[in-house]
Amino acid sequence: MVTLSKRVQSVSLSANAAARQLTRQLKEQGVDILDLTTGEPDLDTPAHIRQAAVAAMEAGETRYTPTNGTTPLRKAVLAKLKNENQLDYELAQICIANGAKQIIFNAFAATLNEGDEVIVPVPYWPTFPDSVRFNGGEAVLLACPLEQEYKLQPQQLAQAITAKTRWLVLNNPGNPSGMVYSADELTALATVLRDHPDVLIMLDELYEHILFDGREHISLLHVAPDLADRILLVGGVSKTYAMTGWRIGFGAGPKALIDAMVVVQSQNSSGASAISQAAAVAAYNGGLDFLPPQRTAYQDRRDAIMALLKPVQEIDVLNPDGAFFIFCRCAGLLGKTRPDGQKIESEQDVMNYLLESGVSGVAGSAYGLSPYFRLSIATDIETVREAGRRIAQACAVLK
């Protein structure tokens with residue numbers, strides 16, 4: 001008999017992965033399902049990046065890499081932060097991992113003791129609370145519903161900080177909400193944080209370049225540079241460069257924290273793939289000329305589905321400012337009766353009904369808020385538009 005650790009029993013399998021797996025199974029059975037589950041760009045990795053990977057293989061760059069990342073990639077990240085973000089770091093403050101998810105895990109593993117608290121605004125990316133729990137910490141979940149645009153408020157933060165608080169997690173732009181903090185909102189949060197110098201701040205800015213309506217990315221580091229000595233900036237190539245499968249993320253922060261994270265990684269995976277790192281160098285050094293049409297494509301998809309969802313009275317939805325998700329509150333569907341006579345009584349009933357109507361999304365409970373659901377628009381515009389039609393039609397026939 002296998003006895004599992006309390007640690008692994010405190011976390012769960014990714015709800016995103018589970019929803020996508022179910023969708024694939026249904027498709028294989030011939031069911032007409034539109035898959036809006038996964039936050040993965042439908043675009044190909046740009047050609048120059050793929051060519052750099054081939055060149056690296058041909059040059060024999062197929063061996064172990066330094067645990068903290070190759071020097072060329074760390075230098076490329078350094079230049080990216082300087083040129084794109086106007087942020088100054090030293091090389092020793094940069095580390096590379098097997099995706100941004102590992103950066104997050106390493107940071108918590110390196111800093112949390114049993115019972116330490118990490119403040120996580122809700123809705124959240126599920127990795128945040130699960131990674132906290134896996135590393136012995138307690139996730140303090142602060143509900144930030146639609147009425148406050150899914151954003152953490154300064155008074156919430158001030159009231160939640162205790163002597164046990166070790167971290168605040170700030171995801172900007174947000175997954176699953178797509179909301180973006182303004183400079184004033186970040187400044188207000190910084191004012192609270194200055195009163196608590198022992199609280200570290202994790203900034204997940206993976207969707208920094210996927211912004212709509214002419215927005216420019218603003219980081220907490222821009223409005224509060226005095227907090228830099230306790231901020232870990234988390235980034236990577238997966239979203240901007242359509243490189244989800246290459247598994248490259250970076251962390252930029254205080255040297256003592258980065259050094260500790262590298263120690264953790266040295267025992268759980270060692271360095272990231274040499275070939276992937278060579279490709280990431282090409283990504284960061286290759287410029288962002290491809291970005292404007294990519295942004296336009298995502299915004300067109302957002303506008304297309306929002307035009308169909310906003311008139312649906314039973315669904316409440318805000319225009320996302322960035323990322324590629326639509327987060328819908330579906331409380332208005334509860335208590336309704338389906339054409340087959342079944343009553344919709346829960347969030348899961350909503351998800352089942354949408355699935356039977358030909359649209360697959362992810363339940364809001366996966367992100368800490370119910371009753372909600374998330375739709376990904378990281379797919380072609382016709383699929384996005386048809387999904388919106390199907391949802392609107394499914395809601396229209398309820399009684």
# chains A, B, ... in the order shown; residues from 1 in each chain; ligands from 1

call {"tool": "residues_around", "arguments": {"residues": "range 29-35 of chain A", "least_positions_apart": "2", "cutoff": "6 Å", "atoms": "only C-alpha atoms", "output": "ChimeraX atom specification"}}
result
/A:26-27,37,358-360

call {"tool": "select_by_dssp", "arguments": {"residues": "range 99-140 of chain A", "states": "strand (DSSP E or B)", "output": "PyMOL selection string"}}
result
chain A and resi 117-122+138-140

call {"tool": "write_last_selection", "arguments": {"atoms": "all heavy atoms", "output": "mmCIF file, in the first residue's frame"}}
result
data_model
loop_
_atom_site.group_PDB
_atom_site.id
_atom_site.type_symbol
_atom_site.label_atom_id
_atom_site.label_comp_id
_atom_site.auth_asym_id
_atom_site.auth_seq_id
_atom_site.Cartn_x
_atom_site.Cartn_y
_atom_site.Cartn_z
ATOM 1 N N GLU A 117 2.513 32.593 6.013
ATOM 2 C CA GLU A 117 1.355 32.980 5.222
ATOM 3 C C GLU A 117 1.755 33.684 3.930
ATOM 4 O O GLU A 117 2.717 34.473 3.907
ATOM 5 C CB GLU A 117 0.441 33.903 6.040
ATOM 6 C CG GLU A 117 -0.168 33.230 7.260
ATOM 7 C CD GLU A 117 -1.003 34.154 8.109
ATOM 8 O OE1 GLU A 117 -0.965 35.384 7.874
ATOM 9 O OE2 GLU A 117 -1.699 33.651 9.012
ATOM 10 N N VAL A 118 1.004 33.395 2.882
ATOM 11 C CA VAL A 118 1.183 34.051 1.593
ATOM 12 C C VAL A 118 -0.174 34.602 1.167
ATOM 13 O O VAL A 118 -1.158 33.857 1.062
ATOM 14 C CB VAL A 118 1.718 33.079 0.523
ATOM 15 C CG1 VAL A 118 1.826 33.783 -0.836
ATOM 16 C CG2 VAL A 118 3.070 32.516 0.942
ATOM 17 N N ILE A 119 -0.239 35.898 0.946
ATOM 18 C CA ILE A 119 -1.496 36.535 0.541
ATOM 19 C C ILE A 119 -1.686 36.350 -0.967
ATOM 20 O O ILE A 119 -0.819 36.727 -1.768
ATOM 21 C CB ILE A 119 -1.490 38.026 0.903
ATOM 22 C CG1 ILE A 119 -1.455 38.190 2.431
ATOM 23 C CG2 ILE A 119 -2.717 38.727 0.320
ATOM 24 C CD1 ILE A 119 -1.296 39.622 2.888
ATOM 25 N N VAL A 120 -2.822 35.741 -1.330
ATOM 26 C CA VAL A 120 -3.125 35.454 -2.726
ATOM 27 C C VAL A 120 -4.490 36.054 -3.069
ATOM 28 O O VAL A 120 -5.511 35.581 -2.578
ATOM 29 C CB VAL A 120 -3.149 33.937 -2.997
ATOM 30 C CG1 VAL A 120 -3.436 33.666 -4.471
ATOM 31 C CG2 VAL A 120 -1.837 33.285 -2.574
ATOM 32 N N PRO A 121 -4.527 37.110 -3.892
ATOM 33 C CA PRO A 121 -5.825 37.647 -4.322
ATOM 34 C C PRO A 121 -6.593 36.612 -5.142
ATOM 35 O O PRO A 121 -6.004 35.818 -5.880
ATOM 36 C CB PRO A 121 -5.441 38.859 -5.179
ATOM 37 C CG PRO A 121 -4.057 39.226 -4.720
ATOM 38 C CD PRO A 121 -3.402 37.921 -4.384
ATOM 39 N N VAL A 122 -7.914 36.646 -4.995
ATOM 40 C CA VAL A 122 -8.804 35.715 -5.693
ATOM 41 C C VAL A 122 -9.694 36.522 -6.643
ATOM 42 O O VAL A 122 -10.293 37.515 -6.221
ATOM 43 C CB VAL A 122 -9.681 34.956 -4.665
ATOM 44 C CG1 VAL A 122 -10.577 33.935 -5.374
ATOM 45 C CG2 VAL A 122 -8.812 34.278 -3.617
ATOM 46 N N GLU A 138 0.696 28.674 4.295
ATOM 47 C CA GLU A 138 -0.759 28.810 4.306
ATOM 48 C C GLU A 138 -1.144 29.937 3.353
ATOM 49 O O GLU A 138 -0.662 31.071 3.484
ATOM 50 C CB GLU A 138 -1.268 29.138 5.704
ATOM 51 C CG GLU A 138 -2.773 29.329 5.777
ATOM 52 C CD GLU A 138 -3.270 29.666 7.163
ATOM 53 O OE1 GLU A 138 -2.527 29.439 8.142
ATOM 54 O OE2 GLU A 138 -4.406 30.183 7.278
ATOM 55 N N ALA A 139 -1.970 29.617 2.362
ATOM 56 C CA ALA A 139 -2.437 30.616 1.412
ATOM 57 C C ALA A 139 -3.594 31.402 2.029
ATOM 58 O O ALA A 139 -4.624 30.829 2.372
ATOM 59 C CB ALA A 139 -2.878 29.957 0.118
ATOM 60 N N VAL A 140 -3.404 32.698 2.189
ATOM 61 C CA VAL A 140 -4.459 33.580 2.705
ATOM 62 C C VAL A 140 -5.172 34.161 1.495
ATOM 63 O O VAL A 140 -4.631 35.012 0.783
ATOM 64 C CB VAL A 140 -3.866 34.689 3.591
ATOM 65 C CG1 VAL A 140 -4.961 35.636 4.061
ATOM 66 C CG2 VAL A 140 -3.119 34.088 4.767
#

call {"tool": "atom_distance", "arguments": {"atom1": "CA of Asp340 in chain A", "atom2": "CA of Ala387 in chain A"}}
result
21.2 Å

call {"tool": "atom_distance", "arguments": {"atom1": "CA of Thr71 in chain A", "atom2": "CA of Pro254 in chain A"}}
result
18.1 Å

call {"tool": "residues_around", "arguments": {"residues": "Ile275 in chain A", "least_positions_apart": "6", "cutoff": "7 Å", "atoms": "only C-alpha atoms", "output": "PyMOL selection string"}}
result
chain A and resi 53+56-57+61-62

call {"tool": "write_last_selection", "arguments": {"atoms": "all heavy atoms", "output": "mmCIF file, in the first residue's frame"}}
result
data_model
loop_
_atom_site.group_PDB
_atom_site.id
_atom_site.type_symbol
_atom_site.label_atom_id
_atom_site.label_comp_id
_atom_site.auth_asym_id
_atom_site.auth_seq_id
_atom_site.Cartn_x
_atom_site.Cartn_y
_atom_site.Cartn_z
ATOM 1 N N ALA A 53 17.102 27.145 -32.365
ATOM 2 C CA ALA A 53 17.135 25.847 -31.684
ATOM 3 C C ALA A 53 17.838 24.807 -32.551
ATOM 4 O O ALA A 53 18.657 24.012 -32.060
ATOM 5 C CB ALA A 53 15.717 25.395 -31.356
ATOM 6 N N ALA A 56 21.535 25.434 -32.515
ATOM 7 C CA ALA A 56 22.136 25.001 -31.252
ATOM 8 C C ALA A 56 22.374 23.498 -31.244
ATOM 9 O O ALA A 56 23.420 23.019 -30.796
ATOM 10 C CB ALA A 56 21.235 25.407 -30.081
ATOM 11 N N MET A 57 21.407 22.744 -31.743
ATOM 12 C CA MET A 57 21.583 21.286 -31.818
ATOM 13 C C MET A 57 22.734 20.923 -32.736
ATOM 14 O O MET A 57 23.571 20.063 -32.407
ATOM 15 C CB MET A 57 20.286 20.636 -32.308
ATOM 16 C CG MET A 57 19.196 20.573 -31.257
ATOM 17 S SD MET A 57 17.765 19.603 -31.791
ATOM 18 C CE MET A 57 16.983 20.753 -32.931
ATOM 19 N N GLU A 61 25.111 21.916 -28.766
ATOM 20 C CA GLU A 61 24.673 22.478 -27.479
ATOM 21 C C GLU A 61 23.561 21.601 -26.895
ATOM 22 O O GLU A 61 22.397 22.001 -26.798
ATOM 23 C CB GLU A 61 24.188 23.911 -27.670
ATOM 24 C CG GLU A 61 25.285 24.869 -28.111
ATOM 25 C CD GLU A 61 24.770 26.279 -28.312
ATOM 26 O OE1 GLU A 61 23.802 26.661 -27.615
ATOM 27 O OE2 GLU A 61 25.306 26.987 -29.183
ATOM 28 N N THR A 62 23.946 20.390 -26.507
ATOM 29 C CA THR A 62 22.949 19.413 -26.057
ATOM 30 C C THR A 62 23.327 18.810 -24.702
ATOM 31 O O THR A 62 22.852 17.731 -24.344
ATOM 32 C CB THR A 62 22.825 18.275 -27.091
ATOM 33 O OG1 THR A 62 24.123 17.691 -27.301
ATOM 34 C CG2 THR A 62 22.292 18.801 -28.417
#

call {"tool": "residues_around", "arguments": {"residues": "Gly332 in chain A", "least_positions_apart": "2", "cutoff": "10 Å", "atoms": "only C-alpha atoms", "output": "list in words"}}
result
Val312, Gln313, Glu314, Ile315, Asp316, Arg329, Cys330, Leu334, Gly335, Lys336, Pro371 and Cys395 of chain A

call {"tool": "residues_around", "arguments": {"residues": "Ile391 in chain A", "least_positions_apart": "3", "cutoff": "12 Å", "atoms": "only C-alpha atoms", "output": "count of residues only"}}
result
38

call {"tool": "atom_distance", "arguments": {"atom1": "CA of Asp300 in chain A", "atom2": "CA of Arg390 in chain A"}}
result
18.4 Å

call {"tool": "closest_residue", "arguments": {"among": "A:Ala242, A:Ile161, A:Ala283, A:Ala19", "to": "Ile210 in chain A", "atoms": "only C-alpha atoms"}}
result
A:Ala242

call {"tool": "residues_around", "arguments": {"residues": "Ile49 in chain A", "least_positions_apart": "5", "cutoff": "12 Å", "atoms": "only C-alpha atoms", "output": "short mmCIF file (atom, residue, chain, number, x, y, z; two decimals) with C-alpha atoms, in the first residue's frame"}}
result
data_model
loop_
_atom_site.label_atom_id
_atom_site.label_comp_id
_atom_site.auth_asym_id
_atom_site.auth_seq_id
_atom_site.Cartn_x
_atom_site.Cartn_y
_atom_site.Cartn_z
CA ASP A 44 3.48 29.08 -34.09
CA VAL A 54 18.18 23.87 -34.76
CA ALA A 55 21.49 25.76 -34.92
CA ALA A 56 22.14 25.00 -31.25
CA VAL A 237 8.76 33.23 -23.11
CA TYR A 241 6.57 34.21 -28.10
CA ALA A 242 4.16 31.23 -28.29
CA MET A 243 6.74 29.00 -26.61
CA TRP A 246 9.87 25.09 -24.59
CA ILE A 275 18.24 23.86 -26.74
CA SER A 276 15.29 25.72 -25.23
CA GLN A 277 17.61 28.26 -23.67
CA ALA A 278 19.30 28.89 -27.01
CA ALA A 279 15.87 29.45 -28.55
CA ALA A 280 14.93 31.84 -25.73
CA VAL A 281 18.08 33.88 -26.40
CA ALA A 282 16.88 34.35 -29.96
CA ALA A 283 13.43 35.29 -28.68
CA TYR A 284 14.63 37.99 -26.32
CA ASN A 285 17.27 39.33 -28.71
CA GLY A 286 15.01 39.27 -31.76
CA GLY A 287 12.82 42.25 -30.97
#

call {"tool": "closest_residue", "arguments": {"among": "A:Leu206, A:Ile218, A:Ala107, A:Ala260", "to": "Val132 in chain A", "atoms": "only C-alpha atoms"}}
result
A:Ala107

call {"tool": "closest_residue", "arguments": {"among": "A:Ser270, A:Glu347, A:Arg338, A:Thr65", "to": "Ala366 in chain A", "atoms": "only C-alpha atoms"}}
result
A:Glu347

call {"tool": "closest_atom_pairs", "arguments": {"of": "range 220-250 of chain A", "to": "range 82-101 of chain A", "cutoff": "10 Å", "atoms": "only C-alpha atoms", "output": "Markdown table"}}
result
| residue | atom | partner | partner_atom | distance |
| --- | --- | --- | --- | --- |
| A:Leu221 | CA | A:Leu87 | CA | 7.9 |
| A:His222 | CA | A:Leu87 | CA | 8.0 |
| A:Pro225 | CA | A:Leu87 | CA | 9.1 |
| A:Ala228 | CA | A:Leu87 | CA | 9.9 |
| A:Leu232 | CA | A:Gln93 | CA | 9.7 |
| A:Leu233 | CA | A:Ile94 | CA | 9.6 |
| A:Val234 | CA | A:Ala100 | CA | 6.4 |
| A:Gly235 | CA | A:Ala100 | CA | 6.1 |
| A:Gly236 | CA | A:Ala100 | CA | 6.0 |
| A:Val237 | CA | A:Gly99 | CA | 8.4 |
| A:Ser238 | CA | A:Gly99 | CA | 7.9 |
| A:Thr244 | CA | A:Gly99 | CA | 8.3 |
| A:Gly245 | CA | A:Gly99 | CA | 9.1 |
| A:Trp246 | CA | A:Gly99 | CA | 8.1 |
| A:Arg247 | CA | A:Gly99 | CA | 4.4 |
| A:Ile248 | CA | A:Gly99 | CA | 4.2 |
| A:Gly249 | CA | A:Gly99 | CA | 4.0 |
| A:Phe250 | CA | A:Ile96 | CA | 4.5 |

call {"tool": "closest_atom_pairs", "arguments": {"of": "range 63-131 of chain A", "to": "range 4-8 of chain A", "cutoff": "12 Å", "atoms": "only C-alpha atoms", "output": "CSV"}}
result
residue,atom,partner,partner_atom,distance
A:Glu114,CA,A:Arg7,CA,11.2
A:Asp130,CA,A:Val8,CA,9.5
A:Ser131,CA,A:Arg7,CA,10.1

call {"tool": "write_last_selection", "arguments": {"atoms": "N, CA, C and O atoms", "output": "short mmCIF file (atom, residue, chain, number, x, y, z; two decimals), in the first residue's frame"}}
result
data_model
loop_
_atom_site.label_atom_id
_atom_site.label_comp_id
_atom_site.auth_asym_id
_atom_site.auth_seq_id
_atom_site.Cartn_x
_atom_site.Cartn_y
_atom_site.Cartn_z
N GLU A 114 6.89 26.12 7.91
CA GLU A 114 5.55 25.68 8.25
C GLU A 114 4.75 26.81 8.91
O GLU A 114 5.22 27.45 9.86
N ASP A 130 -1.56 26.39 -4.46
CA ASP A 130 -1.10 25.01 -4.34
C ASP A 130 0.41 24.93 -4.10
O ASP A 130 0.89 24.10 -3.32
N SER A 131 1.17 25.81 -4.74
CA SER A 131 2.61 25.82 -4.52
C SER A 131 2.94 26.27 -3.10
O SER A 131 3.88 25.77 -2.46
#

call {"tool": "select_by_dssp", "arguments": {"residues": "range 202-371 of chain A", "states": "helix (DSSP H, G or I)", "output": "PyMOL selection string"}}
result
chain A and resi 220-223+225-230+244-246+255-268+274-285+291-309+331-333+347-356+364-367

call {"tool": "residues_around", "arguments": {"residues": "Pro41 in chain A", "least_positions_apart": "3", "cutoff": "7 Å", "atoms": "only C-alpha atoms", "output": "JSON, numbers by chain"}}
result
{"A": [239, 242, 378, 379]}

call {"tool": "closest_residue", "arguments": {"among": "A:Gly368, A:Ala183, A:Asp259, A:Gln393", "to": "Leu142 in chain A", "atoms": "only C-alpha atoms"}}
result
A:Gly368
